[in-house]
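Worksheet for the structure shown next.
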Protein chains: 4
Amino acid sequence: MKSLIAAAHTPFDEKGKLQLSVIPEYASYLKKSGLNGVFVNGTTGEGVSLSREERIETAAAWLDQQSDDFRVLVHVGHNSIAEAQTLAEHAQEHDASGIAAMSPTYFKPNDAIELVRFNAQIAASASSIPFYYYHFPALTDVHISVRDFLAQVLGDIPNLKGVKFTHYDLMDLKLSMEFSEGRFEFFFGLDEILLSALILGVSGAVGSTFNYMAHLLMTLVDHFENRRLEEAKECQIRAMKIINVIHRYGGSARVGKTILRNCGLNLGQPRLPLRKLSIQEESSFLREIQELGFDQYTIRSLNSAP
Amino acid sequence: MKSLIAAAHTPFDEKGKLQLSVIPEYASYLKKSGLNGVFVNGTTGEGVSLSREERIETAAAWLDQQSDDFRVLVHVGHNSIAEAQTLAEHAQEHDASGIAAMSPTYFKPNDAIELVRFNAQIAASASSIPFYYYHFPALTDVHISVRDFLAQVLGDIPNLKGVKFTHYDLMDLKLSMEFSEGRFEFFFGLDEILLSALILGVSGAVGSTFNYMAHLLMTLVDHFENRRLEEAKECQIRAMKIINVIHRYGGSARVGKTILRNCGLNLGQPRLPLRKLSIQEESSFLREIQELGFDQYTIRSLNSAP
Amino acid sequence: MKSLIAAAHTPFDEKGKLQLSVIPEYASYLKKSGLNGVFVNGTTGEGVSLSREERIETAAAWLDQQSDDFRVLVHVGHNSIAEAQTLAEHAQEHDASGIAAMSPTYFKPNDAIELVRFNAQIAASASSIPFYYYHFPALTDVHISVRDFLAQVLGDIPNLKGVKFTHYDLMDLKLSMEFSEGRFEFFFGLDEILLSALILGVSGAVGSTFNYMAHLLMTLVDHFENRRLEEAKECQIRAMKIINVIHRYGGSARVGKTILRNCGLNLGQPRLPLRKLSIQEESSFLREIQELGFDQYTIRSLNSAP
Amino acid sequence: MKSLIAAAHTPFDEKGKLQLSVIPEYASYLKKSGLNGVFVNGTTGEGVSLSREERIETAAAWLDQQSDDFRVLVHVGHNSIAEAQTLAEHAQEHDASGIAAMSPTYFKPNDAIELVRFNAQIAASASSIPFYYYHFPALTDVHISVRDFLAQVLGDIPNLKGVKFTHYDLMDLKLSMEFSEGRFEFFFGLDEILLSALILGVSGAVGSTFNYMAHLLMTLVDHFENRRLEEAKECQIRAMKIINVIHRYGGSARVGKTILRNCGLNLGQPRLPLRKLSIQEESSFLREIQELGFDQYTIRSLNSAP
C-alpha cells in the first residue's frame with residue numbers, strides 16, 4: 001500500500017488574502033479522492049510567498065482536517081532558522097503528522113555538513129514529531145545528494161523520518177533508499193515519472209497533480225501493484241502529457257488552481273512573483289489539457305467524487 | 001563627492017542572539033571612518049537569516065544612528081511580499097533614508113515585468129521614502145539586466161531612487177546609468193573592482209569591505225578624483241588581494257566579523273547556514289591578510305580612528 | 001527483444017597511440033557477451049579527443065567486425081560540420097549500421113531549428129545509412145528537448161532513425177517516443193536507471209557499462225521482460241552501486257579501461273583532458289567495486305565468456 | 001603604447017566556402033586602421049566550425065600578411081590535442097607571431113592541473129613561438145581562474161607569453177597580471193568595458209569590434225593615455241551601446257560580417273550552427289546601430305581609411 005499525498009494549494013480570495021474557509025471542502029474532496037494526506041505550505045502552496053502568520057493559519061486550518069488516515073505534513077522551510085523554528089513549534093503543538101524543510105536558498109550550503117546542521121536546528125525545535133527533508137534542486141539550486149545528506153545525518157536529526165524527493169536523479173533516490181535500510185520513508189515528487197520510481201521500490205508520493213489527477217495516478221499505482229505494466233504505462237503517459245502542458249504554462253504552483261477552479265473548487269489565483277494566467281492563457285491552457293482527455297480520464301468531478 | 005556606504009554586519013552575542021547594544025559603537029566607528037551611511041540587513045548583515053523581529057530591531061537600532069550625513073538604508077527584500085511590506089512600513093515609520101529589495105529567489109521572475117511587479121508592491125508600502133533595487137545575481141541567480149528592469153519600471157515605482165549594483169557586468173551598469181539620465185543613484189557593490197566602475201562614472205558604493213578597509217577605499221576614491229590614476233590603481237590592487245583571500249575563506253558575510261573582532265569590535269559569529277571559521281581557519285585567514293599588509297594600509301584601529 | 005549496445009573505448013598503446021590490433025579481441029568479447037553492437041567514437045571512446053584520422057581508422061577497425069547481429073554505429077559529431085561530414089562519408093562507404101551526431105558544443109544552438117539544421121547537413125552526407133541524434137546535455141550543455149528536436153525535424157533528416165538518449169529526463173524520453181509513433185529507435189544511455197526507462201517501453205540501450213556489466217544488465221532486462229520485477233530491481237541496484245563508484249572516480253570514459261584491464265583486456269589509458277588514474281586511485285577504485293561484488297555478479301571473465 | 005588586435009572573421013563565398021582572396025584587402029584595411037595584428041581562427045573567425053584544412057589555409061593566408069608591426073596570432077585550440085598540434089606546427093613553420101589555445105570544452109578540466117597539462121602538450125608542439133592561453137568562460141564554461149592557471153604553469157609551458165582574457169572578472173585579470181610580474185602579456189577581450197581594464201593597467205586588447213570600431217576604440221585608448229578620462233568614457237559609452245545591440249542580435253561572430261559588408265568588405269555569412277541574419281534582421285540591426293551614430297563615430301569607410 002502506497003502513501004499518496006497531495007501538495008496543497010493555499011486558498012486565496014479575490015483580493016489575494018487567505019481564504020481558509022474553503023479548506024474543509026478542499027480536504028473533504030482530497031479525502032474522497034482516496035488520498036492519504038496533504039503537504040502544506042510547500043512549493044505548490046507558495047509557502048515562501050506567505051507571511052509567517054499566513055503559514056501558521058494555513059497549517060492550523062489543515063491540521064483541523066488531520067485524521068488517522070489523512071496525514072498533514074507541514075513545510076516549515078525558511079532561509080531563517082528562527083522563522084522555521086516558529087513554524088515547526090506551531091506544527092508540533094498541533095500534533096502535525098510531520099514537518100518538512102528544504103535547504104536554505106540564499107546562502108547555499110557548501111556541503112552535506114552545512115545542510116545537515118541547518119536542518120538539525122529546525123528539526124530539534126519539533127523533536128516529538130517526524131521530520132522530513134525536502135529535496136528540490138530545481139528550485140533550491142542546491143545539488144547536494146540525498147545520499148550524502150543521509151550519510152551525514154548520523155544522530156544529528158533523531159526525528160528524521162524521511163525525504164520528499166523531487167528530482168530526476170533516480171540513482172540518488174534509490175541509493176538513498178538502500179542506505180536507509182527501511183528506516184526512512186521516501187515520497188517521490190515528480191508525478192510525471194512516478195512509474196519509473198515505483199519500479200525502484202518507492203512507497204509514497206507527494207505531488208501537486210494529485211490535486212486533480214488523483215484518480216489517474218492511483219489507478220497507475222494499482223495497475224503497477226498488480227503487475228499490469230502496460231496499463232500502468234498508459235496511465236503514466238496520460239499524466240505525462242498533461243503535466244507537459246502544465247510545465248509549458250509555468251508549472252503546477254502557477255496553473256493548478258486554474259484546473260481546480262474549472263472543476264468547481266475556487267482557490268483564487270497565485271501570488272507574485274508567480275504571474276496569474278491571463279484570460280487567454282487560461283482558455284488555451286484548459287483547451288490543451290482537455291484535448292488530451294483531461295476530463296474523462298483524470299479527475300472525477302468534485303460533486304461525483306466517490 | 002562620492003557616497004560610500006558600509007554593508008553592516010549584524011551583531012550577535014556568544015549564543016547567536018542579537019546584541020544591539022554594540023551598534024552605537026559600531027556606528028561611531030563607521031562615522032569616524034568617514035563613511036556616509038550603512039546598508040542594513042543585506043547580504044553582509046545576513047538579513048535573510050534573521051527573524052522578522054530581529055530585522056526590525058536591527059533596523060531600529062541603526063535608524064537611531066541616522067543623521068544628515070549618515071544615511072541608513074534598510075534592506076527589506078524577502079520571498080514573501082507581505083513580510084517585505086511589514087519591514088518596509090517599519091523603515092518608513094522610522095524615516096529611513098531608504099529601503100532596498102532584491103529579486104525573490106525561490107520562485108524566480110521570468111522577465112523584467114514580473115520582477116518590477118514584485119518590487120513595486122514592496123516599494124508602494126513605503127512610498128514616502130526612497131526605494132533602491134538590489135541587484136546581486138551571484139546570490140539570487142536572477143540574471144534580468146538592470147537596464148531591462150529600469151526600462152520596465154516606468155511609473156510603477158514612483159519612489160525608485162537607485163540601484164545597488166553588485167555584479168561584474170559593467171556594461172549593464174553603465175547602460176543603466178545612461179538610461180537613467182541622472183534620475184537614479186547607483187551604488188556599486190564589488191569593492192574589488194571599484195576603480196573600474198568609478199571610471200565609468202559611478203557615484204557611490206555599498207560594500208562589505210568598507211567595514212574594515214574604508215581608509216584604503218576612500219584613499220582610492222580620492223586618488224581617482226584627483227587623477228592620480230597610478231596611486232588609485234595601487235590602492236585597488238591592495239584591496240583586491242585582500243578581497244581575494246576573503247573570497248577563498250567564504251566571503252565577507254562569513255569572515256568579515258573575524259576581521260572586525262581582530263580590530264577590537266566584537267560582533268560575534270555568522271549564523272547558519274554560514275559556518276563560522278574554525279580556530280585554525282581564523283588564524284590562517286588573519287595571517288594571510290596580514291601578510292598582504294592588511295594592518296598598515298587598510299584600517300586605522302578602532303581606538304585611533306580619527 | 002532489446003537492442004543492447006556497448007559504448008566502445010578506444011584502445012591506446014603505452015604511448016597513447018591508437019592500438020587497433022586489439023579490436024578483434026575486444027569485439028569478440030563483446031559479441032560473446034551477447035551484445036548487439038558497439039557505439040564507436042562516442043563519449044566513452046573519447047571521440048572528440050581523437051584526430052580525424054584516428055576516428056576514421058578506429059571506425060574502420062570496428063566496421064570490420066560488423067555483422068548481421070552486431071551493429072556498428074559510428075559517432076561523427078564534431079563542432080565543424082565539414083569534419084563531421086568527412087567522418088560520415090567514411091562510415092557510409094564502409095556500410096556502417098548508422099552514424100550518430102550530437103549538438104555542437106562551442107557555438108550552442110539557441111533552439112531546435114538551429115539544432116536540426118546543423119545535424120541535417122551531417123546526416124545528408126551519409127544519406128543512405130541511418131542517422132541517430134545523440135542527446136547528452138550533461139556534456140553538451142544543450143538542453144533543447146528531444147521532443148522539440150523531433151517536432152522540428154519534419155522532412156529535414158530523411159534518414160533519421162533514432163535517438164541515443166543520455167539524460168535523466170524520462171518525461172522527455174517518453175514524450176519523444178510517443179511523438180515518434182514507432183518510427184524511431186530509442187537507445188537509453190544511463191545504465192544506472194535502465195529499469196526506469198524499460199518500464200516506459202524503451203527498446204534499446206547504448207551504455208558504457210555494457211563493456212563490463214553486460215551479463216548483469218542483460219539479466220536485468222531478462223528479468224524485466226519476464227515480469228520478475230523484484231529480481232530486475234536487484235540487478236539494477238547492483239549496477240547502480242557500481243556506477244556510483246565509477247562516477248566518483250570521474251566516470252566511465254576515465255575509469256572504464258581500468259576495469260577492463262583488470263579483466264584481462266588492455267586498452268591503455270584515457271587521453272588528456274581526462275587524467276589517468278594514479279596507481280593509488282586505481283587500487284582503491286578496484287577495491288571499492290570489488291567490495292560491491294563486482295567480480296561475481298557483473299562480469300564473466302574474458303576467458304570464460306560463453 | 002597599447003597592442004590592439006582584431007579578432008578576424010573568416011571570409012566565405014556565397015556557397016559558404018573559404019574565400020581567401022579577400023584577405024589581402026581585409027588585412028590592408030585593418031593595417032590602415034592602425035591595428036597591430038589579427039587573432040585568426042578564434043571565436044569571431046568561427047575556428048571550431050572550420051575543417052582542419054580550412055584552418056590551416058586561413059592561417060597561411062593571414063601569415064602572408066604578417067609584418068614587423070602587424071602580428072598574426074593563430075588560434076589552434078581544439079578538443080583533440082592531436083588536431084591542435086597539427087595546427088600549432090603549421091603556425092610555427094610559418095613563423096606566426098604566436099599561437100593561442102583555450103580549454104577543451106567537451107571533457108572539461110576539473111582543475112588547473114588538467115588545464116595546464118592539456119595546453120602544455122599543444123604549446124610544446126610549437127615551442128619556438130609564443131603561446132597564449134585563451135580564457136573565454138562564457139563559451140567554454142570552464143571557470144578555472146587565470147590566476148590559478150598561471151600559478152600551476154610553472155615551467156610546464158616555457159613558451160607561455162600571455163593570455164587573451166575574455167571575461168568580466170577584472171579581479172582575476174588584475175591578480176593574474178600582478179602574479180605575472182610583467183612576464184606575460186594580457187590582451188583584454190571585452191571591448192565593451194575596455195576602459196575598465198585599461199585603468200587596471202592592461203596593455204593590449206584582442207577584440208571583434210576592432211574590425212569596425214577601431215577608430216573609436218583607438219581614440220578611447222588615446223584619450224585614456226592622455227588622461228582625458230571624460231572623453232575616454234564617452235568613447236566607451238558609444239562603443240558599449242553598439243555592442244549591446246550586437247549582443248541582442250547574437251554576438252559579433254554572427255553579425256560582424258553584416259557590418260563589414262555594409263562598409264564595403266564582403267566576407268560572406270556565418271556558418272552553422274550560427275544562423276545568418278534574415279533580410280529583415282539585417283535591416284533592423286543596421287538601422288539600430290546607425291541610430292546610435294555608428295557611421296559617424298566608429299568607423300572610417302574602407303575607401304577613406306587613412
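As shown in the C-alpha cells, the chain order sets the letters A, B, ...; within each chain, residues go from 1, and ligands are also counted from 1 in the order they appear.
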With chain D as the partner and 7 Å as the cut-off, tabulate the residues of chain B that qualify, each row holding the nearest pair of atoms and their distance in Å to one decimal, using only C-alpha atoms, sorted by chain and rising number, as a tab-separated table.
```
residue	atom	partner	partner_atom	distance
B:Tyr168	CA	D:Tyr168	CA	5.9
B:Asp169	CA	D:Tyr168	CA	6.5
B:Leu170	CA	D:Ile193	CA	6.7
B:Met171	CA	D:Ile193	CA	6.4
B:Glu192	CA	D:Met171	CA	6.4
B:Ile193	CA	D:Met171	CA	6.4
B:Ser196	CA	D:Ser196	CA	4.3
B:Ala197	CA	D:Ser196	CA	6.9
B:Ile199	CA	D:Ser196	CA	6.7
B:Leu200	CA	D:Lys233	CA	6.2
B:Lys233	CA	D:Leu200	CA	6.2
B:Met240	CA	D:Met171	CA	6.7
```
Worksheet item: Got a sec to tell me which of segment 33-206 of chain B DSSP assigns to strand (DSSP E or B), as JSON, numbers by chain?
Response: {"B": [37, 38, 39, 40, 67, 70, 71, 72, 73, 74, 75, 98, 99, 100, 101, 102, 131, 132, 133, 134, 135, 160, 161, 162, 163, 164, 165, 185, 186, 187, 188, 204, 205, 206]}
Worksheet item: Val142 of chain D: which residues within 8 Å, counting only C-alpha atoms, same-chain residues fewer than 5 positions away excluded, as a VMD selection string?
Response: chain D and resid 103 105 108 to 109 136 to 137
Practice prompt. Mind listing the alpha helix (DSSP H) residues of segment 16-189 of chain C, per DSSP on the backbone, as a count of residues only?
Written response: 71
Worksheet item: So which residues touch segment 99-101 of chain C within 10 Å, counting only C-alpha atoms, skipping near sequence neighbours fewer than 6 positions away, as number ranges by chain?
Response: C: 39-42, 72-78, 84, 87-89, 91-92, 118-120, 122-123, 126, 129-135, 160-164
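Taking atom CA of Asp295 of chain B as the reference point, atom CA of Asn266 of chain B is found at 17.2 Å.
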Discussion item. Report as a VMD selection string all protein, DNA and RNA residues lying within 9 Å of Pro270 of chain A, evaluated on only C-alpha atoms, omitting residues in the same chain fewer than 3 positions from it.
Written reply: chain A and resid 9 to 12 16 46 253 to 255 257 267 273 to 277
Since we have the selection now, will you write its residues out, keeping C-alpha atoms, as a short mmCIF file (atom, residue, chain, number, x, y, z; two decimals), in the first residue's frame?
```cif
data_model
loop_
_atom_site.label_atom_id
_atom_site.label_comp_id
_atom_site.auth_asym_id
_atom_site.auth_seq_id
_atom_site.Cartn_x
_atom_site.Cartn_y
_atom_site.Cartn_z
CA HIS A 9 -2.51 24.91 -2.87
CA THR A 10 -3.15 27.76 -0.47
CA PRO A 11 -6.63 29.25 -0.97
CA PHE A 12 -6.83 33.00 -1.58
CA GLY A 16 -5.31 37.68 -2.63
CA GLU A 46 3.53 29.01 -2.27
CA ALA A 253 2.04 26.27 -8.49
CA ARG A 254 1.03 28.71 -11.21
CA VAL A 255 -1.69 26.81 -13.07
CA LYS A 257 -5.63 26.48 -9.25
CA LEU A 267 -8.84 28.66 -4.57
CA PRO A 273 6.21 36.56 -8.11
CA LEU A 274 4.04 33.97 -9.88
CA ARG A 275 2.01 35.74 -12.53
CA LYS A 276 -1.60 34.70 -12.78
CA LEU A 277 -2.77 33.38 -16.12
#
```
Can you pull out the residues contacting Leu35 of chain D? Cut-off 7 Å, using only C-alpha atoms, and skip same-chain residues under 5 positions away; I want them as a short mmCIF file (atom, residue, chain, number, x, y, z; two decimals) with all heavy atoms, in the first residue's frame.
```cif
data_model
loop_
_atom_site.label_atom_id
_atom_site.label_comp_id
_atom_site.auth_asym_id
_atom_site.auth_seq_id
_atom_site.Cartn_x
_atom_site.Cartn_y
_atom_site.Cartn_z
N LEU D 4 46.80 46.54 -30.03
CA LEU D 4 45.38 46.37 -30.35
C LEU D 4 45.23 45.46 -31.55
O LEU D 4 45.77 45.72 -32.62
CB LEU D 4 44.75 47.74 -30.62
CG LEU D 4 44.92 48.74 -29.46
CD1 LEU D 4 44.31 50.08 -29.83
CD2 LEU D 4 44.28 48.21 -28.19
N ILE D 5 44.49 44.41 -31.34
CA ILE D 5 44.44 43.33 -32.32
C ILE D 5 43.00 42.98 -32.65
O ILE D 5 42.17 42.86 -31.75
CB ILE D 5 45.22 42.11 -31.75
CG1 ILE D 5 46.71 42.44 -31.76
CG2 ILE D 5 44.90 40.84 -32.52
CD1 ILE D 5 47.61 41.40 -31.16
N LEU D 30 42.70 46.61 -42.13
CA LEU D 30 42.99 46.58 -40.70
C LEU D 30 44.29 47.33 -40.40
O LEU D 30 44.40 48.05 -39.40
CB LEU D 30 43.08 45.13 -40.19
CG LEU D 30 41.77 44.32 -40.25
CD1 LEU D 30 42.03 42.87 -39.81
CD2 LEU D 30 40.68 44.94 -39.37
#
```
Item to complete: Find the spatial neighbours of Ser49 of chain D, counting only C-alpha atoms, within a cut-off of 7 Å - ignore same-chain residues fewer than 5 positions away - and output them as a ChimeraX atom specification.
Response: /C:79-81
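For the atom pair formed by atom CA of Tyr29 of chain D and atom CA of Ala60 of chain D, the distance is 18.2 Å, given to one decimal.
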Practice prompt. Calculate how many Å separate atom CA of Asn159 of chain B from atom CA of Ala124 of chain B, rounding to one decimal.
Written response: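 Value for the atom CA of Asn159 of chain B-atom CA of Ala124 of chain B distance: 7.9 Å.
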